[in-house]
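The block underneath contains the structure these notes are about, expressed in structure tokens.
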Amino acid sequence: MTMNLFDKFLRAFRADSAGSRVQCDISDHERRLIHLCTAPAREALSCLDTALQGLDSKEAEARLDKYGLNELAHTRQLGFWADIYQRCKGPLVIQLLVIAAISGAMGDMESAVIVGLMVLLSVGLSYILDRRSSNTVATLGKRVESRTLVLRDGKEEEIRISKIVPGDIVLLHAGSIIPADLRLLTAKDFFVSQSALTGESMAVEKSAVATGVLEGTALELPNACFLGTSVTSGTARGVVVNTGIRTVFGAISERLTERREETSFDKGLRSFTWLMIRFMVVMVAAVFLIVGITKGNWMEALLFGLSVAVGLTPEMLPMIVTVNLAKGALTMGKKKVIVKRLPSIQNFGAIDVLCTDKTGTLTQDKVILERHVDITGHISDDVLNYAYLNSYYQTGLRNLLDRAVVEHSDLDPVERCGLVDELPFDFQRRRMSVVVDYEGDHVLICKGAVEEIYSCCSQYQIGDEVFPLLHMIRDDLFEEVERLNGEGYRCLGIAYREFPRTRSTYSVADESELILLGYIAFVDPPKDSAGEAIELLKRAGVQVKVVTGDNGLVTQKVCRDVGLEVERMISGAELSQLSAEEYKRAVLESDVFVKVTPAQKEQIVRELRSCGRVVGFMGDGVNDAPALKAADVGISVDSAVDVAKEAADIVLLEKSLLVLEEGIIEGRKVFANIVKYIRMGASSNFGNMFSVVGASYLLPFLPMLPVQVLANNLLYDFSQTGIPMDSVDEELIVKPLKWNINTVKLFMVFIGPVSSIFDYATFAVMWFFFHCSAFLDPATGAVQKQALASLFQTGWFVESLLTQTLIVHIIRTRRVPFFGSHASAHLTITTLIIMGIGAWLPYSPFAKDFGLVRLPAIYWAWIALFLLSYSVLTHLIKTWFFRRYGGE
């Protein structure tokens, strides 16, 4: 996955924090945060003019107008002039602007205007289409924008993070994104991951206690949380102090100038761009010297050299790439795939390994509570009641299993008991507990993985009788649970312990000496579409690997039901025992990874990437966030926790592998259309190099006037604008597409010279058949010489434009063009229009302005022959090339 702002911030923050950072270096906003966090909570609320009940709606709106949206600098859309400036900073556009300026300074206003039109076409079209697409994508993106719980008008309300304002009271739980810089008011077993800020992988415990005095930076405040961090466990309430660019995170992001990390595709495009620029520099220098020496007119040589430079510049490349990506994002949006970061589309089409959890992708994501039994297997109402109380009263992130328990029963616990305390779930304990005031006692009810619950118990209960827990009972219990797992059931143990009502706070140490009540068993039926989706992904060259924290028996049963072959399955515990070489082999060979921790998910993704695989990771939980960031493409779903959606590049509106497969195919279409333009531009420019150099040396006059070269290039550029809308052949998207600059170079070497063959054939026809050779006859007058030169230049102008425009249809497909594969209507229309204009110009009222003359009728017979021969020869070489070298 490309470097996101978290990664950029880490580098910038570390650089900013290098050495000692004294108190006077901090900003006013950070000083304000420190002041409010070291002051008592009541004073902090007073300073922010808010209360524990939160803001009222009218005040929140007023503060939103005052402070603005809670957004970082990088997320704001550039204004018109700033956007145009950014687009004009590219080397290709700068080159054209310099050429236009030089042409204008030398008095060649026609050339300056044409080059200006090229810049307008490239930059203007890119701006219009990109802005329109970006606005639409942004609108789609708001559907998956992270949200947070706040108190407004004294009631809990879920709002977009961008609507948070200073003074808001925010409610936080496991999986929440910290929406702003805030001061904690209450906290219970509250742990926050600050790795985005500090690089520290371990979660940091936060409390609501004010420190009084701080010696250090704001990051050391125990009761402060910062925008960009996320909650790993526990619950808390906090008051928002700073938002947007006034946060610690935002202040750094505003100064940040580092660009995102380049993907292989970015590097390939940059390599191609500079390859073309190097060709252009060599060509311009050669042409300038050749024309200057042979013709003796150095001013004319410079103008012609500059026009050749324009002709060899792939100035439409930025526009083609941008519009392709934007169009791809819009198309994917219609297929319920929301693209958060446009560049990720490049990697999306290149995915060859998809790592995914089973819940909701292979299964229906509709967990049903099937059994609630004691350890003898008999139905137990006590097990159901205690499970219900645990799920009902937990204030943290309620998962599918909790919802299934609550929906299974119609108990009304509010009338019978109340919540005293809570011990939230974490991935080390693999359990969670609530303490409720129930029937005169404080009852700690613990729910979690059966083996973890069992390890905390010393007794078990059947009916009203409690017995010591014997080892033989463990064997029977685990055997039954294993049998249920093999049938696809997910089992959770239920245990409890009673305490006198003498205290109100409890700790993990109290999860001991429990009484084992029994277990509850859930079933998540396989998704009907999962088998079809896996088969489609397999045909598309994408290997599916299941990476889950669930146990092996349940996972294996689900995989069998959906037709996913499991040749090798390995657990997280087994992975941790392997050497580096064994680990690498296991990750590559295993289809299913079970009982893995969040850190192991990330390690699996990184290991696959280090082996050259392009990895997509699909996840929706708190434990998936590290792996989502580590993958080439992080994929989440609309219903995911905030931290998972924030870490993802792609968000699915429907948790389905079928939707994902459609998105991957669309990503490949985008990639294929970009590569079409690159191949066309590379081969055309390489061929033109031979034609221009040879003609400049051999002919006693310019082979084409500068204004003709520029007009030719402008028309050809316009014909390429249909490429983003072009159709893509099925065989081009059946396997992952990866950028390969070497294949592009080889294609250029083999296809490019073909155009030169027909350029020289045109030279021969114009020179000998149409007697342009009379130019060398001493008896030929100056006017007649000018007419012969114009005839020759017109002949090559038309042939060059028609052949390179027609060849778009040959290169765009590996099939037989026009018969085996059809271009889109847009591309067909644009190329036909340009070819028509090219044939019309010599006879038009504008012919004189471009130095063109009428062509003899017999010329068109020659051109028809050349077009047919060129198409056939190019197709044959193209077919041989792909059979010999393959390539994307």
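Residues in the structure tokens are named by chain (A, B, ... in the order shown) and by number from 1 within that chain; ligands are numbered from 1 in the order shown.
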Open item on the list: Let's see if you can do this: from backbone DSSP, list all alpha helix (DSSP H) residues in region 638-877 of chain A, as a count of residues only.
Closed with: 153
- [ ] Mind checking which residues fall within 8 Å of region 438-440 of chain A, counting only C-alpha atoms, ignoring those fewer than 4 positions away in the same chain, and posting them as number ranges by chain?
- [x] A: 416-418, 501
Those residues with N, CA and C atoms, as a PDB file, in the first residue's frame please?
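Generated file (out11.pdb):
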```pdb
ATOM      1  N   ARG A 416     -33.413  -5.826  36.450  1.00  0.00           N
ATOM      2  CA  ARG A 416     -32.901  -6.828  37.380  1.00  0.00           C
ATOM      3  C   ARG A 416     -31.521  -6.486  37.926  1.00  0.00           C
ATOM      4  N   CYS A 417     -30.720  -5.710  37.178  1.00  0.00           N
ATOM      5  CA  CYS A 417     -29.354  -5.444  37.628  1.00  0.00           C
ATOM      6  C   CYS A 417     -28.804  -4.203  36.933  1.00  0.00           C
ATOM      7  N   GLY A 418     -27.587  -3.808  37.341  1.00  0.00           N
ATOM      8  CA  GLY A 418     -26.939  -2.653  36.734  1.00  0.00           C
ATOM      9  C   GLY A 418     -25.454  -2.901  36.586  1.00  0.00           C
ATOM     10  N   ARG A 501     -20.549  -6.702  47.798  1.00  0.00           N
ATOM     11  CA  ARG A 501     -20.752  -5.349  47.237  1.00  0.00           C
ATOM     12  C   ARG A 501     -19.975  -4.312  48.038  1.00  0.00           C
TER      13      ARG A 501
END
```
- [ ] Find the residue from A:Asp352, A:Glu567, A:Glu479, A:Asp510 that sits nearest to Leu423 (chain A); use only C-alpha atoms when measuring.
- [x]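 Of all the options, A:Asp510 lies closest to Leu423 (chain A).
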- [ ] Skip region 547-562 of chain A itself and residues of its chain fewer than 3 positions away, then list as a list in words all residues within 6 Å of it, counting only C-alpha atoms.
- [x]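 Listing them by chain and then by number gives Thr356, Asp357, Asn485, Gly486, Gly488, Ala530, Gly531, Phe593, Val594, Lys595 and Val596 of chain A.
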TODO: Write out as JSON, numbers by chain all residues of region 431-517 of chain A that backbone DSSP assigns to strand (DSSP E).
DONE: {"A": [431, 432, 433, 434, 435, 436, 437, 438, 441, 442, 443, 444, 445, 446, 447, 448, 449, 457, 458, 459, 460, 461, 462, 465, 466, 467, 468, 489, 490, 491, 492, 493, 494, 495, 496, 497, 498, 499, 514, 515, 516, 517]}
Got a sec: who's within 8 Å of Val231 (chain A), counting only C-alpha atoms, leaving out chain neighbours fewer than 5 positions off, as an mmCIF file with all heavy atoms, in the first residue's frame?
```
data_model
loop_
_atom_site.group_PDB
_atom_site.id
_atom_site.type_symbol
_atom_site.label_atom_id
_atom_site.label_comp_id
_atom_site.auth_asym_id
_atom_site.auth_seq_id
_atom_site.Cartn_x
_atom_site.Cartn_y
_atom_site.Cartn_z
ATOM 1 N N LEU A 172 -15.400 7.025 23.363
ATOM 2 C CA LEU A 172 -14.417 6.193 22.675
ATOM 3 C C LEU A 172 -14.467 4.754 23.172
ATOM 4 O O LEU A 172 -14.729 4.504 24.358
ATOM 5 C CB LEU A 172 -13.000 6.754 22.896
ATOM 6 C CG LEU A 172 -12.779 8.212 22.448
ATOM 7 C CD1 LEU A 172 -11.480 8.744 23.034
ATOM 8 C CD2 LEU A 172 -12.777 8.301 20.931
ATOM 9 N N HIS A 173 -14.189 3.823 22.251
ATOM 10 C CA HIS A 173 -14.125 2.398 22.605
ATOM 11 C C HIS A 173 -13.155 1.712 21.667
ATOM 12 O O HIS A 173 -12.618 2.344 20.738
ATOM 13 C CB HIS A 173 -15.511 1.763 22.532
ATOM 14 C CG HIS A 173 -16.194 1.966 21.207
ATOM 15 N ND1 HIS A 173 -15.802 1.328 20.049
ATOM 16 C CD2 HIS A 173 -17.238 2.755 20.855
ATOM 17 C CE1 HIS A 173 -16.562 1.697 19.047
ATOM 18 N NE2 HIS A 173 -17.451 2.575 19.497
ATOM 19 N N ALA A 174 -12.924 0.434 21.881
ATOM 20 C CA ALA A 174 -11.974 -0.311 21.050
ATOM 21 C C ALA A 174 -12.362 -0.201 19.580
ATOM 22 O O ALA A 174 -13.516 -0.425 19.214
ATOM 23 C CB ALA A 174 -11.936 -1.778 21.470
ATOM 24 N N GLY A 175 -11.390 0.160 18.747
ATOM 25 C CA GLY A 175 -11.645 0.309 17.319
ATOM 26 C C GLY A 175 -11.891 1.731 16.879
ATOM 27 O O GLY A 175 -11.909 2.013 15.689
ATOM 28 N N SER A 176 -12.067 2.641 17.844
ATOM 29 C CA SER A 176 -12.319 4.037 17.492
ATOM 30 C C SER A 176 -11.033 4.720 17.025
ATOM 31 O O SER A 176 -9.944 4.437 17.522
ATOM 32 C CB SER A 176 -12.849 4.809 18.706
ATOM 33 O OG SER A 176 -14.084 4.312 19.143
ATOM 34 N N ILE A 177 -11.215 5.626 16.074
ATOM 35 C CA ILE A 177 -10.147 6.553 15.716
ATOM 36 C C ILE A 177 -10.258 7.746 16.662
ATOM 37 O O ILE A 177 -11.354 8.246 16.902
ATOM 38 C CB ILE A 177 -10.322 7.035 14.260
ATOM 39 C CG1 ILE A 177 -10.027 5.894 13.278
ATOM 40 C CG2 ILE A 177 -9.430 8.221 13.968
ATOM 41 C CD1 ILE A 177 -8.572 5.556 13.141
ATOM 42 N N ILE A 178 -9.139 8.192 17.229
ATOM 43 C CA ILE A 178 -9.179 9.420 18.018
ATOM 44 C C ILE A 178 -9.434 10.562 17.035
ATOM 45 O O ILE A 178 -8.618 10.814 16.143
ATOM 46 C CB ILE A 178 -7.863 9.643 18.779
ATOM 47 C CG1 ILE A 178 -7.542 8.445 19.674
ATOM 48 C CG2 ILE A 178 -7.953 10.932 19.596
ATOM 49 C CD1 ILE A 178 -8.517 8.179 20.771
ATOM 50 N N PHE A 190 -8.061 1.729 29.381
ATOM 51 C CA PHE A 190 -8.027 2.405 28.084
ATOM 52 C C PHE A 190 -6.609 2.408 27.517
ATOM 53 O O PHE A 190 -5.691 2.995 28.097
ATOM 54 C CB PHE A 190 -8.534 3.843 28.260
ATOM 55 C CG PHE A 190 -8.847 4.552 26.982
ATOM 56 C CD1 PHE A 190 -9.833 4.082 26.132
ATOM 57 C CD2 PHE A 190 -8.168 5.711 26.623
ATOM 58 C CE1 PHE A 190 -10.145 4.754 24.959
ATOM 59 C CE2 PHE A 190 -8.466 6.379 25.452
ATOM 60 C CZ PHE A 190 -9.459 5.893 24.609
ATOM 61 N N PHE A 191 -6.452 1.730 26.379
ATOM 62 C CA PHE A 191 -5.149 1.636 25.718
ATOM 63 C C PHE A 191 -5.248 2.203 24.303
ATOM 64 O O PHE A 191 -6.203 1.926 23.580
ATOM 65 C CB PHE A 191 -4.663 0.186 25.668
ATOM 66 C CG PHE A 191 -4.215 -0.337 27.001
ATOM 67 C CD1 PHE A 191 -5.128 -0.795 27.935
ATOM 68 C CD2 PHE A 191 -2.860 -0.372 27.326
ATOM 69 C CE1 PHE A 191 -4.712 -1.278 29.169
ATOM 70 C CE2 PHE A 191 -2.433 -0.853 28.559
ATOM 71 C CZ PHE A 191 -3.361 -1.306 29.484
ATOM 72 N N VAL A 192 -4.245 2.982 23.950
ATOM 73 C CA VAL A 192 -4.246 3.682 22.655
ATOM 74 C C VAL A 192 -2.966 3.354 21.901
ATOM 75 O O VAL A 192 -1.868 3.348 22.484
ATOM 76 C CB VAL A 192 -4.348 5.207 22.865
ATOM 77 C CG1 VAL A 192 -4.203 5.948 21.536
ATOM 78 C CG2 VAL A 192 -5.674 5.564 23.522
ATOM 79 N N SER A 193 -3.105 3.073 20.618
ATOM 80 C CA SER A 193 -1.935 2.857 19.757
ATOM 81 C C SER A 193 -1.475 4.211 19.223
ATOM 82 O O SER A 193 -2.200 4.874 18.488
ATOM 83 C CB SER A 193 -2.287 1.931 18.593
ATOM 84 O OG SER A 193 -1.207 1.888 17.672
#
```
TODO: Within 9 Å of Gly54 (chain A), counting only C-alpha atoms, which residues show up once you throw out same-chain ones fewer than 2 positions away? Write them as a PyMOL selection string, please.
DONE: chain A and resi 50-52+56+150-155+167-170+239
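Near Val434 (chain A), within 6 Å and counting only C-alpha atoms, sit Asn390, Asp421, Glu422, Leu444 and Ile445 of chain A; same-chain residues fewer than 5 positions away were not included.
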- [ ] For Leu362 (chain A), list every protein, DNA or RNA residue within 6 Å, evaluated using only C-alpha atoms, and leave out those in the same chain fewer than 4 positions away; present the list as a list of chain:residue names.
- [x]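 Listed by chain and then number, they are A:Lys358, A:Pro526, A:Lys527, A:Ala530.
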I need the chosen residues saved as an mmCIF file, in the first residue's frame, with N, CA, C and O atoms.
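So the final result, stored in part-v1.cif, reads:
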```cif
data_model
loop_
_atom_site.group_PDB
_atom_site.id
_atom_site.type_symbol
_atom_site.label_atom_id
_atom_site.label_comp_id
_atom_site.auth_asym_id
_atom_site.auth_seq_id
_atom_site.Cartn_x
_atom_site.Cartn_y
_atom_site.Cartn_z
ATOM 1 N N LYS A 358 -12.406 -15.066 7.203
ATOM 2 C CA LYS A 358 -13.512 -15.858 6.656
ATOM 3 C C LYS A 358 -14.872 -15.240 6.954
ATOM 4 O O LYS A 358 -15.810 -15.365 6.169
ATOM 5 N N PRO A 526 -22.115 -20.656 5.413
ATOM 6 C CA PRO A 526 -21.290 -20.240 4.263
ATOM 7 C C PRO A 526 -22.103 -19.366 3.309
ATOM 8 O O PRO A 526 -23.311 -19.548 3.134
ATOM 9 N N LYS A 527 -21.442 -18.414 2.711
ATOM 10 C CA LYS A 527 -22.095 -17.515 1.755
ATOM 11 C C LYS A 527 -22.268 -18.239 0.424
ATOM 12 O O LYS A 527 -21.335 -18.867 -0.078
ATOM 13 N N ALA A 530 -19.745 -17.336 -2.261
ATOM 14 C CA ALA A 530 -18.314 -17.445 -1.963
ATOM 15 C C ALA A 530 -17.601 -18.408 -2.908
ATOM 16 O O ALA A 530 -16.500 -18.125 -3.399
#
```
TODO: Pick out the closest residue to Pro817 (chain A) from this set: A:Val872, A:Leu608, A:Leu536, A:Leu325. Count only C-alpha atoms.
DONE: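 Between A:Val872, A:Leu608, A:Leu536, A:Leu325, the residue approaching Pro817 (chain A) most closely is A:Val872.
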